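Chemist: Sharing run-v2.txt, compact mmCIF, C-alpha atoms:
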```
# COMPACT_ATOMS: atom_id res chain seq x y z
CA GLU Y 1 13.27 14.42 4.76
CA ALA Y 2 11.06 14.53 1.68
CA GLY Y 3 8.71 11.63 1.14
CA VAL Y 4 7.78 9.92 -2.10
CA VAL Y 5 6.74 12.61 -4.57
CA GLN Y 6 4.23 11.94 -7.32
CA SER Y 7 2.87 14.17 -10.04
CA PRO Y 8 0.43 15.15 -11.26
CA ARG Y 9 -1.96 14.87 -8.33
CA TYR Y 10 -4.98 14.68 -10.62
CA LYS Y 11 -5.35 13.94 -14.32
CA ILE Y 12 -8.46 13.97 -16.50
CA ILE Y 13 -8.22 12.65 -20.04
CA GLU Y 14 -10.48 11.30 -22.75
CA LYS Y 15 -10.36 7.65 -23.64
CA LYS Y 16 -7.77 6.61 -26.20
CA GLN Y 17 -5.46 9.42 -25.11
CA PRO Y 18 -2.02 8.70 -23.62
CA VAL Y 19 -1.13 9.60 -20.04
CA ALA Y 20 2.01 9.48 -17.92
CA PHE Y 21 2.65 9.55 -14.20
CA TRP Y 22 5.91 10.48 -12.54
CA CYS Y 23 7.41 9.32 -9.26
CA ASN Y 24 10.46 10.46 -7.29
CA PRO Y 25 11.20 8.01 -4.48
CA ILE Y 26 12.86 8.78 -1.17
CA SER Y 27 16.58 9.41 -1.61
CA GLY Y 28 18.57 6.21 -1.32
CA HIS Y 29 15.58 3.93 -1.81
CA ASN Y 30 16.57 1.46 -4.50
CA THR Y 31 13.30 -0.46 -4.56
CA LEU Y 32 10.35 1.23 -6.25
CA TYR Y 33 6.77 0.07 -6.74
CA TRP Y 34 3.80 1.14 -8.78
CA TYR Y 35 0.36 0.19 -7.46
CA ARG Y 36 -3.12 0.81 -8.83
CA GLN Y 37 -6.08 1.35 -6.52
CA ASN Y 38 -9.63 1.10 -7.78
CA LEU Y 39 -12.43 2.79 -5.85
CA GLY Y 40 -13.28 0.88 -2.68
CA GLN Y 41 -10.46 -1.63 -3.14
CA GLY Y 42 -6.97 -2.04 -1.76
CA PRO Y 43 -3.92 -1.20 -3.86
CA GLU Y 44 -2.76 -3.80 -6.41
CA LEU Y 45 0.86 -4.17 -7.40
CA LEU Y 46 1.65 -3.37 -11.04
CA ILE Y 47 5.45 -3.46 -11.10
CA ARG Y 48 8.46 -3.52 -8.80
CA TYR Y 49 11.93 -2.21 -9.58
CA GLU Y 50 15.25 -2.99 -7.97
CA ASN Y 51 17.36 -0.05 -9.13
CA GLU Y 52 16.65 0.17 -12.87
CA GLU Y 53 15.61 -3.47 -13.27
CA ALA Y 54 11.96 -4.48 -13.30
CA VAL Y 55 12.01 -7.62 -11.14
CA ASP Y 56 8.24 -8.20 -10.98
CA ASP Y 57 5.99 -6.94 -13.75
CA SER Y 58 3.67 -9.93 -13.85
CA GLN Y 59 0.60 -7.79 -13.04
CA LEU Y 60 1.37 -5.02 -15.52
CA PRO Y 61 -1.03 -5.05 -18.54
CA LYS Y 62 1.69 -4.88 -21.11
CA ASP Y 63 -0.52 -4.21 -24.09
CA ARG Y 64 -1.12 -0.63 -22.98
CA PHE Y 65 0.97 -0.02 -19.88
CA SER Y 66 4.69 0.63 -19.75
CA ALA Y 67 7.08 1.79 -17.08
CA GLU Y 68 10.66 2.88 -16.91
CA ARG Y 69 13.26 3.77 -14.34
CA LEU Y 70 16.22 4.64 -16.49
CA LYS Y 71 18.76 5.82 -13.91
CA GLY Y 72 17.44 3.84 -10.99
CA VAL Y 73 15.90 6.88 -9.33
CA ASP Y 74 12.79 8.54 -10.83
CA SER Y 75 10.21 6.41 -12.56
CA THR Y 76 7.47 6.99 -15.10
CA LEU Y 77 4.34 4.90 -15.66
CA LYS Y 78 2.58 5.33 -18.99
CA ILE Y 79 -0.76 4.23 -20.38
CA GLN Y 80 -1.36 4.34 -24.12
CA PRO Y 81 -4.14 4.36 -25.08
CA ALA Y 82 -6.18 4.89 -21.91
CA GLU Y 83 -9.51 3.11 -21.46
CA LEU Y 84 -12.46 3.96 -19.25
CA GLY Y 85 -11.54 1.11 -16.90
CA ASP Y 86 -8.14 2.67 -16.21
CA SER Y 87 -9.76 5.30 -13.97
CA ALA Y 88 -8.09 4.73 -10.61
CA VAL Y 89 -5.47 6.09 -8.22
CA TYR Y 90 -1.92 5.21 -9.22
CA LEU Y 91 0.40 4.96 -6.23
CA CYS Y 92 4.16 4.90 -6.11
CA ALA Y 93 6.07 3.47 -3.16
CA SER Y 94 9.70 2.90 -2.26
CA LYS Y 95 11.89 1.21 0.32
CA PRO Y 96 15.63 0.99 0.95
CA GLY Y 97 17.55 -1.48 -1.18
CA GLY Y 98 18.49 -4.62 0.64
CA SER Y 99 15.63 -4.26 3.10
CA THR Y 100 14.24 -7.64 4.07
CA ASN Y 101 10.94 -6.33 5.38
CA GLU Y 102 7.92 -4.85 3.65
CA LYS Y 103 7.93 -1.42 5.25
CA LEU Y 104 7.05 0.68 2.23
CA PHE Y 105 6.74 4.44 1.95
CA PHE Y 106 3.90 5.55 -0.32
CA GLY Y 107 3.29 8.77 -2.19
CA SER Y 108 -0.11 10.46 -2.26
CA GLY Y 109 -0.89 9.06 -5.69
CA THR Y 110 -2.20 10.33 -9.00
CA GLN Y 111 -5.95 10.17 -9.44
CA LEU Y 112 -6.76 9.40 -13.07
CA SER Y 113 -10.18 9.96 -14.57
CA VAL Y 114 -10.76 8.68 -18.10
CA LEU Y 115 -13.86 10.16 -19.76
CA ASP A 1 1.11 -15.22 0.63
CA ALA A 2 -1.60 -16.04 3.16
CA LYS A 3 -5.01 -14.40 2.87
CA THR A 4 -6.47 -12.26 5.66
CA THR A 5 -10.03 -11.59 6.82
CA GLN A 6 -11.05 -8.30 8.43
CA PRO A 7 -14.42 -6.79 9.36
CA PRO A 8 -15.45 -4.22 6.74
CA SER A 9 -16.08 -1.46 9.26
CA MET A 10 -15.80 -0.50 12.92
CA ASP A 11 -16.63 2.51 15.08
CA CYS A 12 -14.70 3.83 18.06
CA ALA A 13 -15.27 6.75 20.41
CA GLU A 14 -12.49 9.29 20.58
CA GLY A 15 -10.15 8.65 23.51
CA ARG A 16 -11.04 4.97 23.68
CA ALA A 17 -8.88 2.10 22.53
CA ALA A 18 -9.57 0.83 19.02
CA ASN A 19 -9.06 -2.92 18.65
CA LEU A 20 -8.95 -4.05 15.04
CA PRO A 21 -9.04 -7.84 14.49
CA CYS A 22 -7.55 -9.83 11.65
CA ASN A 23 -7.75 -13.53 10.86
CA HIS A 24 -4.93 -15.21 8.95
CA SER A 25 -5.48 -18.89 9.60
CA THR A 26 -3.31 -20.04 6.66
CA ILE A 27 -0.23 -18.07 7.68
CA SER A 28 3.01 -20.00 7.31
CA GLY A 29 5.95 -20.05 9.69
CA ASN A 30 8.10 -17.47 7.94
CA GLU A 31 5.36 -14.97 7.16
CA TYR A 32 4.99 -11.68 8.98
CA VAL A 33 1.83 -9.75 9.82
CA TYR A 34 1.86 -6.15 8.58
CA TRP A 35 -0.57 -3.34 9.30
CA TYR A 36 -0.99 -0.28 7.13
CA ARG A 37 -3.59 2.44 7.19
CA GLN A 38 -4.88 4.78 4.51
CA ILE A 39 -6.36 8.11 5.37
CA HIS A 40 -8.68 9.58 2.76
CA SER A 41 -6.86 10.93 -0.33
CA GLN A 42 -3.47 9.76 0.92
CA GLY A 43 -1.27 6.75 0.19
CA PRO A 44 -1.07 3.86 2.65
CA GLN A 45 1.05 4.43 5.74
CA TYR A 46 3.02 1.70 7.49
CA ILE A 47 2.00 1.16 11.11
CA ILE A 48 3.67 -1.94 12.52
CA HIS A 49 4.63 -5.53 11.77
CA GLY A 50 5.47 -8.69 13.70
CA LEU A 51 6.28 -12.37 13.39
CA LYS A 52 5.08 -14.01 16.59
CA ASN A 53 5.88 -11.74 19.51
CA ASN A 54 3.73 -8.79 20.44
CA GLU A 55 5.07 -5.50 19.16
CA THR A 56 4.59 -1.88 20.20
CA ASN A 57 5.69 1.38 18.69
CA GLU A 58 4.67 5.01 18.94
CA MET A 59 1.61 4.44 16.78
CA ALA A 60 0.11 1.17 17.94
CA SER A 61 0.46 -2.26 19.49
CA LEU A 62 0.23 -5.56 17.65
CA ILE A 63 -0.98 -8.63 19.50
CA ILE A 64 -0.48 -11.96 17.69
CA THR A 65 -2.09 -15.11 19.08
CA GLU A 66 0.15 -17.97 20.06
CA ASP A 67 -0.99 -20.10 17.11
CA ARG A 68 -0.45 -17.04 14.86
CA LYS A 69 -3.82 -17.55 13.19
CA SER A 70 -5.10 -14.14 14.20
CA SER A 71 -3.90 -10.75 15.39
CA THR A 72 -5.24 -7.49 16.79
CA LEU A 73 -4.03 -3.99 16.12
CA ILE A 74 -4.57 -1.72 19.10
CA LEU A 75 -4.69 2.06 18.90
CA PRO A 76 -4.62 2.88 22.63
CA HIS A 77 -6.27 6.30 22.53
CA ALA A 78 -8.03 6.82 19.23
CA THR A 79 -8.40 10.35 17.87
CA LEU A 80 -10.41 11.72 14.97
CA ARG A 81 -7.22 11.67 12.90
CA ASP A 82 -7.12 7.88 13.22
CA THR A 83 -10.21 7.61 11.00
CA ALA A 84 -8.93 5.58 8.06
CA VAL A 85 -8.98 2.21 6.31
CA TYR A 86 -6.74 -0.26 8.11
CA TYR A 87 -5.15 -3.10 6.15
CA CYS A 88 -3.86 -6.32 7.68
CA ILE A 89 -1.42 -8.08 5.32
CA VAL A 90 0.56 -11.27 5.62
CA SER A 91 3.84 -11.37 3.74
CA GLY A 92 7.06 -13.32 3.67
CA THR A 93 10.55 -11.92 3.37
CA GLY A 94 13.03 -11.88 0.55
CA THR A 95 12.98 -10.80 -3.06
CA ALA A 96 9.81 -12.70 -3.96
CA SER A 97 7.72 -11.25 -1.17
CA LYS A 98 5.17 -8.55 -1.81
CA LEU A 99 2.28 -6.83 -0.09
CA THR A 100 -1.15 -7.99 -1.22
CA PHE A 101 -3.78 -5.60 0.07
CA GLY A 102 -7.35 -6.67 0.75
CA THR A 103 -10.25 -4.29 1.31
CA GLY A 104 -9.34 -3.59 4.95
CA THR A 105 -11.41 -2.27 7.87
CA ARG A 106 -12.84 1.20 7.71
CA LEU A 107 -12.43 2.66 11.21
CA GLN A 108 -14.61 5.63 12.05
CA VAL A 109 -13.60 7.53 15.19
CA THR A 110 -16.41 9.67 16.56
CA LEU A 111 -16.74 12.35 19.23
```
Can you turn what I pasted into structure tokens?
Modeler:
Amino acid sequence: EAGVVQSPRYKIIEKKQPVAFWCNPISGHNTLYWYRQNLGQGPELLIRYENEEAVDDSQLPKDRFSAERLKGVDSTLKIQPAELGDSAVYLCASKPGGSTNEKLFFGSGTQLSVL
Amino acid sequence: DAKTTQPPSMDCAEGRAANLPCNHSTISGNEYVYWYRQIHSQGPQYIIHGLKNNETNEMASLIITEDRKSSTLILPHATLRDTAVYYCIVSGTGTASKLTFGTGTRLQVTL
């Protein structure tokens, strides 16, 4: 069974440029998460989806970040414009819909460097 | 969700048991203890979770004290591939629950 797939694996951009990350969760997993992980820190939740609905986006910086999950499967996280402080690893995770525990399956992440 | 306290780093000899402690003195009655680990350049990996009884699976054992204010993750025979950052997280259940990661314990397994 394929795990959570993220692309690209690495991305280098200049500040003020836009960037997008893509995530394909495990088949059948209705709940999808985006996390950001700064160097030396644990992951921080940005947004959680139940199917195509964003049910928790309280930590998403909405002035420059946006996310979508149009058909309740794949998801895209976008930053526009990127700032130097956005350099981090962006992780996607998923779990089965209706699950009452917090056993999440994570992808390998996209490492973003903003120059 | 309750906050957890873990030592920043630990060492363990290969083949020995690795015992990783976690304090969660403010845990509430309906909150679970979760353990994840993150190997370098990978996403976090679920290990185990429990409410109040000790739990064991193919990866590890979780020992939770009777007052539930602390727990220990045990890797019975550590290998070099167990070198990682281990996160102890306390979380409830239901739609409002979420995992809040701290900085974890960096476990170094050596020959």
Chemist: Name all residues at most 9 Å from Ile79 in chain Y (count all atoms listed in the file; drop same-chain ones fewer than 6 positions away) and give them as a list of chain:residue names.
Modeler: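 Within the cut-off, the hits are Y:Gln17, Y:Pro18, Y:Val19, Y:Ala20, Y:Phe21, Y:Arg64, Y:Phe65, Y:Ser66, Y:Ala67, Y:Asp86.
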Chemist: Each residue of chain A lying at most 9 Å from chain Y should get a row with its shortest atom-to-atom pair and the distance in Å to one decimal, counting all atoms listed in the file; could you produce that, ordered by chain and increasing number, as CSV?
Modeler:
```
residue,atom,partner,partner_atom,distance
A:Tyr32,CA,Y:Asn101,CA,8.8
A:Tyr34,CA,Y:Glu102,CA,7.9
A:Ser41,CA,Y:Ser108,CA,7.0
A:Gln42,CA,Y:Ser108,CA,4.7
A:Gly43,CA,Y:Ser108,CA,4.6
A:Pro44,CA,Y:Phe106,CA,6.0
A:Gln45,CA,Y:Phe106,CA,6.8
A:Tyr46,CA,Y:Lys103,CA,6.2
A:Ile47,CA,Y:Lys103,CA,8.7
A:Ile48,CA,Y:Lys103,CA,8.4
A:His49,CA,Y:Lys103,CA,8.4
A:Tyr87,CA,Y:Gly42,CA,8.2
A:Ser91,CA,Y:Glu102,CA,7.7
A:Gly92,CA,Y:Asn101,CA,8.2
A:Thr93,CA,Y:Thr100,CA,5.7
A:Gly94,CA,Y:Thr100,CA,5.6
A:Thr95,CA,Y:Thr100,CA,7.9
A:Ala96,CA,Y:Asp56,CA,8.5
A:Ser97,CA,Y:Glu102,CA,8.0
A:Lys98,CA,Y:Glu102,CA,7.1
A:Leu99,CA,Y:Glu102,CA,7.1
A:Thr100,CA,Y:Glu44,CA,6.9
A:Phe101,CA,Y:Gly42,CA,5.1
A:Gly102,CA,Y:Gly42,CA,5.3
A:Thr103,CA,Y:Gly42,CA,5.0
A:Gly104,CA,Y:Gly42,CA,7.3
```
Chemist: Could the centre and edge lengths of an axis-aligned box, enclosing all atoms of range 41-47 of chain Y in the file with 4 Å extra on each side, be given in Å to one decimal as lines of an AutoDock Vina configuration file?
Modeler:
```
center_x = -2.5
center_y = -2.7
center_z = -6.4
size_x = 23.9
size_y = 11.0
size_z = 17.3
```
Chemist: Here is a test: counting only C-alpha atoms, which residue of A:Gly29, A:Pro21, A:Gly15, A:Gly50 is nearest to Asp67 in chain A?
Modeler: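 Between A:Gly29, A:Pro21, A:Gly15, A:Gly50, the residue approaching Asp67 in chain A most closely is A:Gly29.
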Chemist: In Å, how far is it from CA of Leu39 in chain Y to CA of Val85 in chain A?
Modeler: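 Result for CA of Leu39 in chain Y versus CA of Val85 in chain A: 12.7 Å, one decimal.
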Chemist: Just how far from CA of Thr26 in chain A is CA of Lys69 in chain A, in Å to one decimal?
Modeler: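 CA of Lys69 in chain A sits 7.0 Å away from CA of Thr26 in chain A.
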Chemist: Looking at A:Arg37, A:His24, A:Arg106, A:Lys52, which one is nearest to Thr5 in chain A, with distances taken over only C-alpha atoms?
Modeler: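 Selected residue with least distance to Thr5 in chain A: A:His24.
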Chemist: Just how far from CA of Ala54 in chain Y is CA of Gly97 in chain Y, in Å to one decimal?
Modeler: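 CA of Ala54 in chain Y lies at a distance of 13.7 Å from CA of Gly97 in chain Y.
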Chemist: Set the distance at 12 Å and use only C-alpha atoms: which residues neighbour Thr110 in chain A once local chain neighbours fewer than 5 positions away are removed? I'd like the list as a PyMOL selection string.
Modeler: chain A and resi 10-16+18+78-83
